[in-house]
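**Student:** Take a look at data-v6.cif, mmCIF, C-alpha atoms:
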```cif
data_entry
#
loop_
_atom_site.label_atom_id
_atom_site.label_comp_id
_atom_site.auth_asym_id
_atom_site.auth_seq_id
_atom_site.Cartn_x
_atom_site.Cartn_y
_atom_site.Cartn_z
CA MET V 501 2.13 165.18 197.13
CA SER V 502 5.23 167.33 197.71
CA LEU V 503 8.78 166.19 197.26
CA ASP V 504 11.16 166.07 200.24
CA VAL V 505 14.31 167.17 198.42
CA ALA V 506 16.54 166.92 201.49
CA ALA V 507 15.53 163.29 202.02
CA VAL V 508 16.05 162.55 198.32
CA ARG V 509 19.51 164.13 198.27
CA ALA V 510 20.57 161.98 201.21
CA ASP V 511 20.13 158.95 198.94
CA PHE V 512 22.74 160.28 196.46
CA PRO V 513 26.20 160.29 198.10
CA VAL V 514 27.87 161.96 195.12
CA LEU V 515 25.89 165.15 195.76
CA ALA V 516 27.69 165.63 199.08
CA ARG V 517 31.15 165.80 197.51
CA ARG V 518 33.05 168.97 196.75
CA ALA V 519 33.77 170.18 193.24
CA ARG V 520 36.61 172.36 191.94
CA GLY V 521 37.98 174.91 194.37
CA GLY V 522 36.12 173.28 197.23
CA HIS V 523 32.77 174.53 195.98
CA PRO V 524 29.68 172.43 196.70
CA LEU V 525 28.77 170.28 193.72
CA VAL V 526 25.78 171.64 191.81
CA TYR V 527 24.86 168.91 189.36
CA LEU V 528 22.72 170.33 186.54
CA ASP V 529 23.48 167.74 183.86
CA SER V 530 20.87 165.04 184.44
CA GLY V 531 19.75 165.39 180.82
CA ALA V 532 23.06 163.74 179.91
CA THR V 533 23.08 161.18 182.73
CA ALA V 534 21.37 161.09 186.10
CA GLN V 535 23.06 160.34 189.41
CA LYS V 536 22.33 157.00 191.09
CA PRO V 537 20.70 156.49 194.50
CA LEU V 538 22.03 154.00 197.02
CA ALA V 539 19.09 151.68 196.33
CA VAL V 540 20.22 151.21 192.74
CA LEU V 541 23.87 150.75 193.69
CA ASP V 542 22.91 148.25 196.38
CA ALA V 543 20.69 146.26 194.00
CA GLU V 544 23.48 145.88 191.44
CA ARG V 545 26.04 145.01 194.12
CA ASP V 546 23.73 142.44 195.68
CA PHE V 547 23.26 140.74 192.33
CA TYR V 548 27.02 140.42 191.84
CA LEU V 549 27.60 139.32 195.42
CA ARG V 550 24.88 136.67 195.63
CA HIS V 551 23.42 135.74 192.23
CA ASN V 552 26.02 136.41 189.56
CA ALA V 553 25.73 134.02 186.60
CA ALA V 554 24.75 134.12 182.94
CA ALA V 555 20.97 134.45 182.76
CA HIS V 556 19.22 132.02 180.43
CA ARG V 557 22.48 130.06 180.17
CA GLY V 558 22.39 127.21 182.69
CA ALA V 559 20.40 124.83 184.86
CA HIS V 560 22.38 125.45 188.06
CA LEU V 561 21.12 127.48 191.01
CA LEU V 562 22.98 130.75 190.28
CA SER V 563 21.91 130.76 186.65
CA GLU V 564 18.31 130.14 187.64
CA GLU V 565 18.48 133.00 190.14
CA ALA V 566 20.07 135.30 187.56
CA THR V 567 17.36 134.38 185.06
CA ASP V 568 14.63 135.07 187.62
CA ALA V 569 16.20 138.42 188.49
CA TYR V 570 16.52 139.39 184.84
CA GLU V 571 12.97 138.43 183.94
CA GLY V 572 11.71 140.00 187.15
CA ALA V 573 13.35 143.23 186.06
CA ARG V 574 11.61 142.97 182.69
CA ALA V 575 8.25 142.67 184.46
CA ARG V 576 9.09 145.64 186.74
CA VAL V 577 10.03 147.89 183.83
CA ALA V 578 6.88 146.84 181.99
CA ALA V 579 4.73 147.82 184.97
CA PHE V 580 6.53 151.17 185.19
CA ILE V 581 5.26 152.18 181.74
CA GLY V 582 1.98 150.27 181.69
CA ALA V 583 3.11 147.50 179.34
CA ASP V 584 3.23 143.71 179.22
CA PRO V 585 6.57 142.01 179.97
CA GLY V 586 6.56 140.31 176.56
CA GLU V 587 6.64 143.75 174.94
CA ILE V 588 9.85 144.85 176.70
CA VAL V 589 13.18 144.43 174.88
CA PHE V 590 16.40 145.23 176.73
CA THR V 591 19.05 146.97 174.62
CA ARG V 592 22.41 148.60 175.44
CA ASN V 593 20.87 152.08 175.43
CA ALA V 594 18.25 154.22 173.71
CA THR V 595 20.50 154.74 170.69
CA GLU V 596 20.77 151.00 170.08
CA ALA V 597 16.99 150.72 170.42
CA ALA V 598 16.52 153.39 167.74
CA ASN V 599 18.97 151.60 165.45
CA LEU V 600 17.22 148.29 166.11
CA ILE V 601 13.92 149.79 164.94
CA ALA V 602 15.40 151.42 161.85
CA TYR V 603 17.35 148.31 160.85
CA SER V 604 14.49 145.88 161.46
CA VAL V 605 11.92 148.02 159.69
CA GLY V 606 14.27 148.33 156.73
CA ASN V 607 14.70 144.56 156.56
CA ALA V 608 11.18 143.49 157.49
CA ALA V 609 10.12 142.42 154.00
CA THR V 610 13.37 140.76 152.93
CA SER V 611 14.49 138.98 156.10
CA GLY V 612 11.22 137.86 157.60
CA PRO V 613 10.74 137.85 161.37
CA SER V 614 11.80 134.21 161.79
CA GLY V 615 14.78 134.03 159.49
CA GLY V 616 14.16 131.12 157.15
CA ARG V 617 10.42 131.75 156.99
CA PRO V 618 8.98 134.18 154.42
CA ALA V 619 7.92 137.59 155.59
CA GLY V 620 4.20 137.82 156.24
CA PRO V 621 1.75 140.62 155.36
CA ALA V 622 2.44 142.47 158.62
CA ALA V 623 6.18 142.58 157.93
CA GLU V 624 5.64 143.68 154.36
CA ARG V 625 3.38 146.49 155.56
CA LEU V 626 6.13 147.76 157.90
CA ALA V 627 8.94 147.51 155.36
CA VAL V 628 10.46 150.70 153.92
CA GLY V 629 11.42 150.80 150.25
CA PRO V 630 11.98 153.14 147.28
CA GLY V 631 9.49 155.98 147.14
CA ASP V 632 8.47 155.63 150.78
CA GLU V 633 8.88 158.47 153.24
CA ILE V 634 10.02 158.69 156.86
CA LEU V 635 8.94 161.71 158.87
CA VAL V 636 10.85 163.14 161.86
CA THR V 637 11.11 166.58 163.47
CA GLU V 638 13.82 169.21 163.74
CA LEU V 639 13.73 168.70 167.51
CA GLU V 640 15.30 165.27 167.32
CA HIS V 641 18.39 164.07 169.12
CA HIS V 642 20.80 162.52 166.63
CA ALA V 643 19.79 159.08 167.98
CA ASN V 644 16.31 159.56 166.51
CA LEU V 645 17.55 161.17 163.30
CA VAL V 646 20.74 159.57 161.97
CA PRO V 647 19.40 155.97 161.99
CA TRP V 648 16.47 157.14 159.85
CA GLN V 649 18.82 158.99 157.50
CA GLN V 650 20.79 155.79 157.08
CA LEU V 651 17.66 153.73 156.45
CA CYS V 652 16.58 156.17 153.75
CA LEU V 653 19.97 155.81 152.08
CA ARG V 654 19.77 152.02 152.17
CA ALA V 655 16.14 151.75 151.11
CA GLY V 656 15.91 154.58 148.58
CA ALA V 657 13.32 156.31 150.75
CA ARG V 658 12.94 160.03 151.45
CA LEU V 659 13.39 161.73 154.82
CA ARG V 660 11.02 164.59 155.61
CA TRP V 661 10.56 166.57 158.81
CA PHE V 662 8.33 168.88 160.79
CA PRO V 663 10.11 172.23 161.24
CA VAL V 664 10.33 174.01 164.58
CA THR V 665 8.81 177.32 165.56
CA ALA V 666 10.84 180.29 166.79
CA GLU V 667 10.25 179.16 170.39
CA GLY V 668 11.56 175.67 169.71
CA ARG V 669 8.33 173.70 169.44
CA VAL V 670 7.30 171.35 166.63
CA ASP V 671 5.38 173.21 163.93
CA LEU V 672 2.41 171.00 163.06
CA SER V 673 0.72 173.48 160.76
CA GLY V 674 1.75 171.46 157.70
CA ILE V 675 0.91 168.03 159.08
CA GLY V 676 -1.69 167.39 156.37
CA ALA V 677 0.91 167.83 153.66
CA LEU V 678 3.69 165.97 155.45
CA VAL V 679 1.80 162.84 156.53
CA THR V 680 0.69 161.17 153.31
CA GLU V 681 0.05 157.74 151.84
CA ARG V 682 3.80 157.52 151.20
CA THR V 683 4.66 157.92 154.91
CA LYS V 684 5.82 154.65 156.48
CA VAL V 685 7.28 155.88 159.78
CA VAL V 686 6.70 158.96 161.92
CA ALA V 687 9.38 159.28 164.63
CA VAL V 688 9.20 162.04 167.24
CA THR V 689 10.76 162.85 170.60
CA GLY V 690 8.56 162.89 173.65
CA GLN V 691 10.58 165.78 175.09
CA SER V 692 13.38 167.79 173.52
CA ASN V 693 16.75 167.51 175.22
CA VAL V 694 17.50 171.10 174.15
CA THR V 695 14.35 173.22 174.36
CA GLY V 696 12.41 171.03 176.78
CA ALA V 697 9.43 171.21 174.41
CA MET V 698 7.00 168.29 174.66
CA PRO V 699 5.28 167.61 171.33
CA PRO V 700 1.71 166.23 171.34
CA VAL V 701 2.86 162.68 170.61
CA ALA V 702 -0.62 161.15 170.84
CA ALA V 703 -1.98 163.51 168.17
CA ILE V 704 1.06 162.90 165.94
CA ALA V 705 0.69 159.14 166.40
CA ALA V 706 -2.98 159.36 165.47
CA ALA V 707 -2.10 161.18 162.24
CA ALA V 708 0.53 158.54 161.49
CA HIS V 709 -1.94 155.71 162.02
CA ALA V 710 -4.56 157.42 159.86
CA ALA V 711 -2.04 157.22 157.02
CA GLY V 712 -1.13 153.61 157.83
CA ALA V 713 2.29 154.61 159.18
CA LEU V 714 4.24 153.39 162.18
CA ALA V 715 4.50 155.79 165.15
CA VAL V 716 7.84 155.79 167.02
CA VAL V 717 8.56 157.85 170.16
CA ASP V 718 11.97 158.67 171.63
CA GLY V 719 11.19 158.62 175.34
CA ALA V 720 14.74 159.15 176.63
CA GLN V 721 13.92 162.59 178.09
CA LEU V 722 10.25 161.85 178.78
CA VAL V 723 10.10 158.60 180.77
CA PRO V 724 12.51 159.65 183.57
CA HIS V 725 10.50 162.77 184.40
CA HIS V 726 6.82 162.06 183.82
CA SER V 727 4.35 159.29 184.49
CA VAL V 728 4.08 157.55 181.12
CA SER V 729 1.58 154.95 179.93
CA VAL V 730 2.77 153.67 176.58
CA ARG V 731 -0.80 152.92 175.51
CA GLU V 732 -1.79 156.54 176.03
CA THR V 733 1.07 157.83 173.88
CA GLY V 734 -0.47 156.11 170.85
CA ALA V 735 2.99 154.89 169.86
CA ASP V 736 3.74 151.57 168.22
CA LEU V 737 7.33 151.64 169.49
CA LEU V 738 8.92 153.70 172.28
CA PHE V 739 12.44 153.61 173.65
CA PHE V 740 14.41 155.09 176.56
CA SER V 741 17.64 154.74 178.54
CA SER V 742 18.24 153.49 182.07
CA HIS V 743 21.05 155.90 182.92
CA LYS V 744 18.86 158.99 182.51
CA MET V 745 16.34 157.67 185.07
CA LEU V 746 18.67 156.89 187.99
CA GLY V 747 19.57 153.44 186.65
CA PRO V 748 22.87 151.94 185.47
CA THR V 749 24.60 152.68 182.20
CA GLY V 750 24.80 149.93 179.61
CA ILE V 751 21.10 149.11 179.37
CA GLY V 752 18.14 150.65 177.57
CA VAL V 753 14.56 149.69 176.85
CA LEU V 754 12.52 149.24 173.70
CA TRP V 755 8.79 148.82 174.11
CA GLY V 756 6.74 147.72 171.16
CA ARG V 757 3.20 146.61 170.52
CA ARG V 758 3.36 142.85 170.39
CA GLU V 759 2.10 142.55 166.83
CA VAL V 760 4.71 145.04 165.65
CA LEU V 761 7.60 143.27 167.39
CA GLU V 762 6.41 139.93 166.03
CA ALA V 763 6.59 141.28 162.48
CA LEU V 764 10.19 142.50 162.76
CA PRO V 765 13.38 140.51 162.10
CA PRO V 766 16.25 140.51 164.63
CA PHE V 767 18.81 143.30 164.64
CA ILE V 768 21.82 141.47 166.13
CA THR V 769 22.06 137.71 165.80
CA GLY V 770 23.93 134.95 167.62
CA GLY V 771 23.17 133.18 170.87
CA SER V 772 19.85 133.57 172.73
CA VAL V 773 17.82 134.71 169.71
CA ILE V 774 17.66 131.41 167.88
CA GLU V 775 14.90 128.87 167.60
CA VAL V 776 16.65 126.25 165.42
CA VAL V 777 20.17 126.45 163.95
CA ARG V 778 21.42 124.28 161.12
CA MET V 779 24.40 124.80 158.88
CA GLU V 780 22.00 125.71 156.09
CA GLY V 781 20.25 128.43 158.07
CA SER V 782 18.51 129.49 161.29
CA THR V 783 15.13 130.52 162.60
CA PHE V 784 14.50 132.88 165.49
CA LEU V 785 12.57 132.99 168.74
CA PRO V 786 9.54 135.20 169.30
CA PRO V 787 9.99 138.66 170.87
CA PRO V 788 11.44 139.81 173.15
CA GLN V 789 14.16 137.13 173.03
CA ARG V 790 14.49 137.61 169.26
CA PHE V 791 16.12 140.98 169.89
CA GLU V 792 18.39 140.11 172.84
CA ALA V 793 21.44 138.35 171.43
CA GLY V 794 24.28 137.41 173.76
CA VAL V 795 24.53 137.15 177.53
CA PRO V 796 21.92 139.49 179.05
CA ALA V 797 22.92 142.52 181.12
CA ALA V 798 21.23 141.02 184.18
CA ALA V 799 22.92 143.18 186.83
CA GLN V 800 22.06 146.34 184.92
CA ALA V 801 18.46 145.18 184.50
CA VAL V 802 18.24 144.61 188.25
CA GLY V 803 19.59 148.11 188.84
CA LEU V 804 17.05 149.56 186.41
CA ALA V 805 14.24 147.76 188.21
CA ALA V 806 15.47 149.30 191.48
CA ALA V 807 15.42 152.73 189.80
CA CYS V 808 11.79 152.14 188.82
CA ASP V 809 11.01 151.25 192.45
CA TYR V 810 12.74 154.41 193.65
CA LEU V 811 10.99 156.72 191.20
CA ASP V 812 7.61 155.21 191.98
CA ALA V 813 8.24 155.54 195.73
CA VAL V 814 9.07 159.23 195.36
CA GLY V 815 6.21 159.70 192.90
CA LEU V 816 6.49 160.69 189.24
CA ASP V 817 3.83 163.36 189.60
CA ALA V 818 5.69 164.92 192.53
CA ILE V 819 8.92 164.79 190.54
CA ALA V 820 7.28 166.46 187.53
CA GLU V 821 5.84 169.24 189.71
CA HIS V 822 9.20 169.79 191.44
CA GLU V 823 10.96 170.07 188.08
CA ARG V 824 8.26 172.42 186.80
CA ALA V 825 8.87 174.77 189.74
CA LEU V 826 12.65 174.66 189.20
CA THR V 827 12.24 175.28 185.47
CA GLU V 828 9.91 178.21 186.09
CA ARG V 829 12.45 179.71 188.49
CA ALA V 830 15.26 179.19 185.98
CA LEU V 831 13.31 180.75 183.13
CA GLU V 832 12.51 183.80 185.23
CA ALA V 833 16.09 184.15 186.48
CA LEU V 834 17.85 183.66 183.15
CA THR V 835 15.54 185.84 181.06
CA ALA V 836 16.12 188.64 183.57
CA ILE V 837 19.86 188.66 182.80
CA PRO V 838 20.71 191.06 179.93
CA GLY V 839 22.44 189.28 177.05
CA VAL V 840 21.08 185.81 177.89
CA ARG V 841 18.82 184.08 175.36
CA VAL V 842 16.89 181.00 176.42
CA LEU V 843 16.31 178.51 173.61
CA GLY V 844 12.82 177.11 173.77
CA PRO V 845 9.49 178.01 175.35
CA LEU V 846 9.59 180.68 178.03
CA THR V 847 6.75 179.12 180.02
CA THR V 848 6.45 175.68 181.59
CA GLU V 849 3.40 174.70 179.55
CA ARG V 850 4.17 171.38 177.81
CA ARG V 851 7.82 171.92 178.67
CA GLY V 852 10.35 169.82 180.56
CA GLY V 853 13.33 170.75 182.69
CA ALA V 854 16.04 171.20 180.07
CA VAL V 855 16.97 174.88 179.85
CA SER V 856 19.46 175.72 177.10
CA PHE V 857 20.75 179.23 176.65
CA THR V 858 23.34 181.44 175.00
CA VAL V 859 25.23 184.41 176.43
CA ASP V 860 26.06 187.31 174.13
CA GLY V 861 29.80 187.67 173.63
CA VAL V 862 30.70 184.44 175.48
CA HIS V 863 31.10 181.05 173.82
CA PRO V 864 29.02 178.27 175.47
CA HIS V 865 32.20 176.31 176.26
CA ASP V 866 33.60 179.33 178.09
CA VAL V 867 30.35 179.71 180.04
CA GLY V 868 30.57 176.05 180.97
CA GLN V 869 34.18 176.38 182.09
CA VAL V 870 33.43 179.31 184.38
CA LEU V 871 30.45 177.46 185.84
CA ASP V 872 32.62 174.38 186.38
CA GLU V 873 35.15 176.48 188.31
CA LEU V 874 32.22 177.43 190.56
CA GLY V 875 31.24 173.78 191.04
CA ILE V 876 28.27 173.91 188.65
CA ALA V 877 28.07 171.03 186.17
CA VAL V 878 26.25 171.81 182.92
CA ARG V 879 26.40 170.60 179.32
CA THR V 880 27.88 172.66 176.48
CA GLY V 881 27.83 172.16 172.71
CA HIS V 882 25.04 171.12 170.36
CA HIS V 883 23.78 168.37 172.70
CA CYS V 884 23.57 165.82 169.86
CA ALA V 885 20.94 168.03 168.24
CA TRP V 886 22.92 170.01 165.69
CA PRO V 887 20.09 170.57 163.16
CA LEU V 888 17.89 172.00 165.92
CA HIS V 889 20.56 174.49 166.93
CA ARG V 890 20.92 175.59 163.31
CA ALA V 891 17.16 176.00 163.04
CA LEU V 892 17.27 178.25 166.10
CA GLY V 893 20.10 180.29 164.61
CA VAL V 894 22.95 179.19 166.88
CA GLN V 895 25.81 176.71 166.61
CA ALA V 896 25.90 175.69 170.27
CA SER V 897 24.45 176.45 173.68
CA THR V 898 24.88 175.85 177.39
CA ARG V 899 22.30 173.56 178.98
CA ALA V 900 21.15 173.12 182.55
CA SER V 901 18.87 170.16 183.16
CA PHE V 902 17.01 169.51 186.40
CA TYR V 903 15.90 166.42 188.27
CA LEU V 904 14.35 165.37 191.57
CA TYR V 905 17.49 166.09 193.63
CA ASN V 906 18.01 169.69 192.50
CA THR V 907 17.08 172.70 194.61
CA ALA V 908 15.92 176.27 194.12
CA GLU V 909 19.24 177.44 195.57
CA GLU V 910 21.07 175.59 192.80
CA VAL V 911 19.00 177.42 190.20
CA ASP V 912 20.01 180.70 191.84
CA ALA V 913 23.66 179.57 191.81
CA LEU V 914 23.36 178.98 188.06
CA ALA V 915 22.09 182.51 187.47
CA ASP V 916 24.87 183.96 189.64
CA GLY V 917 27.42 181.85 187.76
CA ILE V 918 26.23 183.20 184.41
CA ARG V 919 26.68 186.76 185.66
CA THR V 920 30.16 185.83 186.86
CA ALA V 921 30.99 184.52 183.37
CA GLN V 922 29.75 187.74 181.80
CA LYS V 923 31.96 189.81 184.08
CA PHE V 924 34.98 187.60 183.52
CA PHE V 925 34.71 187.97 179.74
CA GLY V 926 33.65 191.60 179.86
CA ALA V 927 30.22 190.81 178.46
CA GLY V 928 28.11 191.89 181.39
#
```
Would you give me this structure, written as structure tokens?
**Tutor:**
Amino acid sequence: MSLDVAAVRADFPVLARRARGGHPLVYLDSGATAQKPLAVLDAERDFYLRHNAAAHRGAHLLSEEATDAYEGARARVAAFIGADPGEIVFTRNATEAANLIAYSVGNAATSGPSGGRPAGPAAERLAVGPGDEILVTELEHHANLVPWQQLCLRAGARLRWFPVTAEGRVDLSGIGALVTERTKVVAVTGQSNVTGAMPPVAAIAAAAHAAGALAVVDGAQLVPHHSVSVRETGADLLFFSSHKMLGPTGIGVLWGRREVLEALPPFITGGSVIEVVRMEGSTFLPPPQRFEAGVPAAAQAVGLAAACDYLDAVGLDAIAEHERALTERALEALTAIPGVRVLGPLTTERRGGAVSFTVDGVHPHDVGQVLDELGIAVRTGHHCAWPLHRALGVQASTRASFYLYNTAEEVDALADGIRTAQKFFGAG
């Protein structure tokens, strides 16, 4: 199944606009946030026009319709990743989902999943305390690193990590020494937002489970670009963002195995999460409601469901193959330019469409500025992955990231833009 890029691009009005200097817009920053198709914009607008009310907050017609739309979106997202609706928790974004996991795991033994009730054996098994270890990788986005650092500080646990190889992949050669009886959590990205590397998450999850540890996967860069079945990942918990997969900002997704979610206490408390409230204390609802305090982001959930429909209609396998071809073209073009270093694998094997690079003699911000003057939107900096950049021997990089609406001609424009930057700064 091939991808009709021209038909896809017609669904994204923003791609037809002009950038600086009247140049055509070349949007190569989908790793930060993806553009939105008309179907998603229309779904959100229709909700506000016809059904707007507080979901789960009333018995009147609009509230019932909002509730149905919200819960329908939960079921649609569940189907998109091969899960059950009761295992889907809506959050503000992937970062909040990661913090929810770290906070709830850290408080599993002391808080108990239902508030006033004692923590059971499952919660005590998940809890992190003094002497325990949490294992991550040097590939991680700060969202899947800093929350674990903070948990270790609170709990008196120790943070350990898999190093990266010279080509920006996870080095699993020491897995036997790193995953031990002290390991309580193993958290790993499904796809690096810098090097594009895709670790073998199922094998890592299996090693975690063999040690009795929890397996957590950051799917923010994985789910938008590949067909994902959460069962096949081996994960216990997996999270991702709507806005990176054509959906609205302001909503993310946490999937968890039901027995794991049931053992965890709530992260944010207030309305919607409660079972019984008395002045002396409160108890909490089962998942997923236990983790969704406050008025739900129903319009955003509806938009996310529409994004799932759109991606499935285009075909995740076709999208993945299209991105693979673009990435291969970019790797060939950029490595052919003297003075350009690509961070990460130089082949498309187990690699996604994030291509980060440095240019000798030109700061990444300067490269980005020149590209912007040519209408090419890229990301510059450490991409919320500062430790990874240090491990690769650089402080920052320029990143181009591809999606279903990008073209081969845009990849060529990127390469030409890099050469223009080299000439401008006398580095070419």
**Student:** For atom CA of Asp872 of chain V and atom CA of Leu722 of chain V, quote the distance in Å rounded to one decimal.
**Tutor:**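 Value for the atom CA of Asp872 of chain V-atom CA of Leu722 of chain V distance: 26.7 Å.
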**Student:** So, counting all atoms listed in the file, which residue among V:Leu737, V:Val859, V:Val636, V:Val694 is closest to Leu892 of chain V?
**Tutor:** V:Val694
**Student:** Under the rule that all atoms listed in the file are counted, which of V:Glu640, V:Ala833, V:His726, V:Val753 is the nearest residue to Gly852 of chain V?
**Tutor:**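 Among the listed residues, V:His726 lies closest to Gly852 of chain V.
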**Student:** Which residues match the PyMOL selection byres ((chain V and resi 580) around 12) in the file above, as a compact mmCIF listing (two decimals) with C-alpha atoms, in the frame of the given file?
**Tutor:**
```txt
# COMPACT_ATOMS: atom_id res chain seq x y z
CA ALA V 573 13.35 143.23 186.06
CA ARG V 574 11.61 142.97 182.69
CA ALA V 575 8.25 142.67 184.46
CA ARG V 576 9.09 145.64 186.74
CA VAL V 577 10.03 147.89 183.83
CA ALA V 578 6.88 146.84 181.99
CA ALA V 579 4.73 147.82 184.97
CA ILE V 581 5.26 152.18 181.74
CA GLY V 582 1.98 150.27 181.69
CA ALA V 583 3.11 147.50 179.34
CA ASP V 584 3.23 143.71 179.22
CA PRO V 585 6.57 142.01 179.97
CA ILE V 588 9.85 144.85 176.70
CA VAL V 723 10.10 158.60 180.77
CA PRO V 724 12.51 159.65 183.57
CA HIS V 726 6.82 162.06 183.82
CA SER V 727 4.35 159.29 184.49
CA VAL V 728 4.08 157.55 181.12
CA SER V 729 1.58 154.95 179.93
CA VAL V 730 2.77 153.67 176.58
CA MET V 745 16.34 157.67 185.07
CA VAL V 753 14.56 149.69 176.85
CA TRP V 755 8.79 148.82 174.11
CA LEU V 804 17.05 149.56 186.41
CA ALA V 805 14.24 147.76 188.21
CA ALA V 806 15.47 149.30 191.48
CA ALA V 807 15.42 152.73 189.80
CA CYS V 808 11.79 152.14 188.82
CA ASP V 809 11.01 151.25 192.45
CA TYR V 810 12.74 154.41 193.65
CA LEU V 811 10.99 156.72 191.20
CA ASP V 812 7.61 155.21 191.98
CA ALA V 813 8.24 155.54 195.73
CA GLY V 815 6.21 159.70 192.90
CA LEU V 816 6.49 160.69 189.24
```
**Student:** For a quick check of understanding, using all atoms listed in the file, which of V:Arg518, V:Arg899, V:Arg778, V:Arg625 has the smallest distance to Val842 of chain V?
**Tutor:** V:Arg899
**Student:** What is the distance, in Å and to one decimal place, between atom CA of Ala713 of chain V and atom CA of Val686 of chain V?
**Tutor:**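 Rounded to one decimal, the two atoms are 6.8 Å apart.
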**Student:** For the provided coordinates, the residues matched by the PyMOL selection byres ((chain V and resi 672) around 10) should be stated as a ChimeraX atom specification.
**Tutor:** /V:637,662-665,669-671,673-676,678,699-700,704
**Student:** Once the PyMOL selection byres ((chain V and resi 515) around 10) has been applied to the shown file, what residues remain in the selection, as a ChimeraX atom specification?
**Tutor:** /V:509-514,516-519,524-527,535,905-906
**Student:** To one decimal in Å, tell me the separation between atom CA of Val814 of chain V and atom CA of Val716 of chain V.
**Tutor:**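 Between atom CA of Val814 of chain V and atom CA of Val716 of chain V the gap is 28.6 Å.
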**Student:** Can you list, as JSON, numbers by chain, every protein, DNA or RNA residue that comes within 12 Å of Gln895 of chain V when you count all atoms listed in the file, leaving out same-chain residues fewer than 3 positions away?
**Tutor:** {"V": [843, 857, 858, 863, 864, 865, 880, 881, 882, 883, 884, 885, 886, 887, 888, 889, 890, 891, 892, 898]}
**Student:** Applying 7 Å and all atoms listed in the file, which residues near segment 914-926 of chain V remain after dropping the ones on its own chain fewer than 2 positions away? List them as a ChimeraX atom specification.
**Tutor:** /V:833-834,862,867,870-871,910-912,928
**Student:** Take the residues from that selection and write them out as an mmCIF file, keeping the file's coordinate frame, keeping C-alpha atoms.
**Tutor:**
```cif
data_model
loop_
_atom_site.group_PDB
_atom_site.id
_atom_site.type_symbol
_atom_site.label_atom_id
_atom_site.label_comp_id
_atom_site.auth_asym_id
_atom_site.auth_seq_id
_atom_site.Cartn_x
_atom_site.Cartn_y
_atom_site.Cartn_z
ATOM 1 C CA ALA V 833 16.090 184.150 186.480
ATOM 2 C CA LEU V 834 17.850 183.660 183.150
ATOM 3 C CA VAL V 862 30.700 184.440 175.480
ATOM 4 C CA VAL V 867 30.350 179.710 180.040
ATOM 5 C CA VAL V 870 33.430 179.310 184.380
ATOM 6 C CA LEU V 871 30.450 177.460 185.840
ATOM 7 C CA GLU V 910 21.070 175.590 192.800
ATOM 8 C CA VAL V 911 19.000 177.420 190.200
ATOM 9 C CA ASP V 912 20.010 180.700 191.840
ATOM 10 C CA GLY V 928 28.110 191.890 181.390
#
```
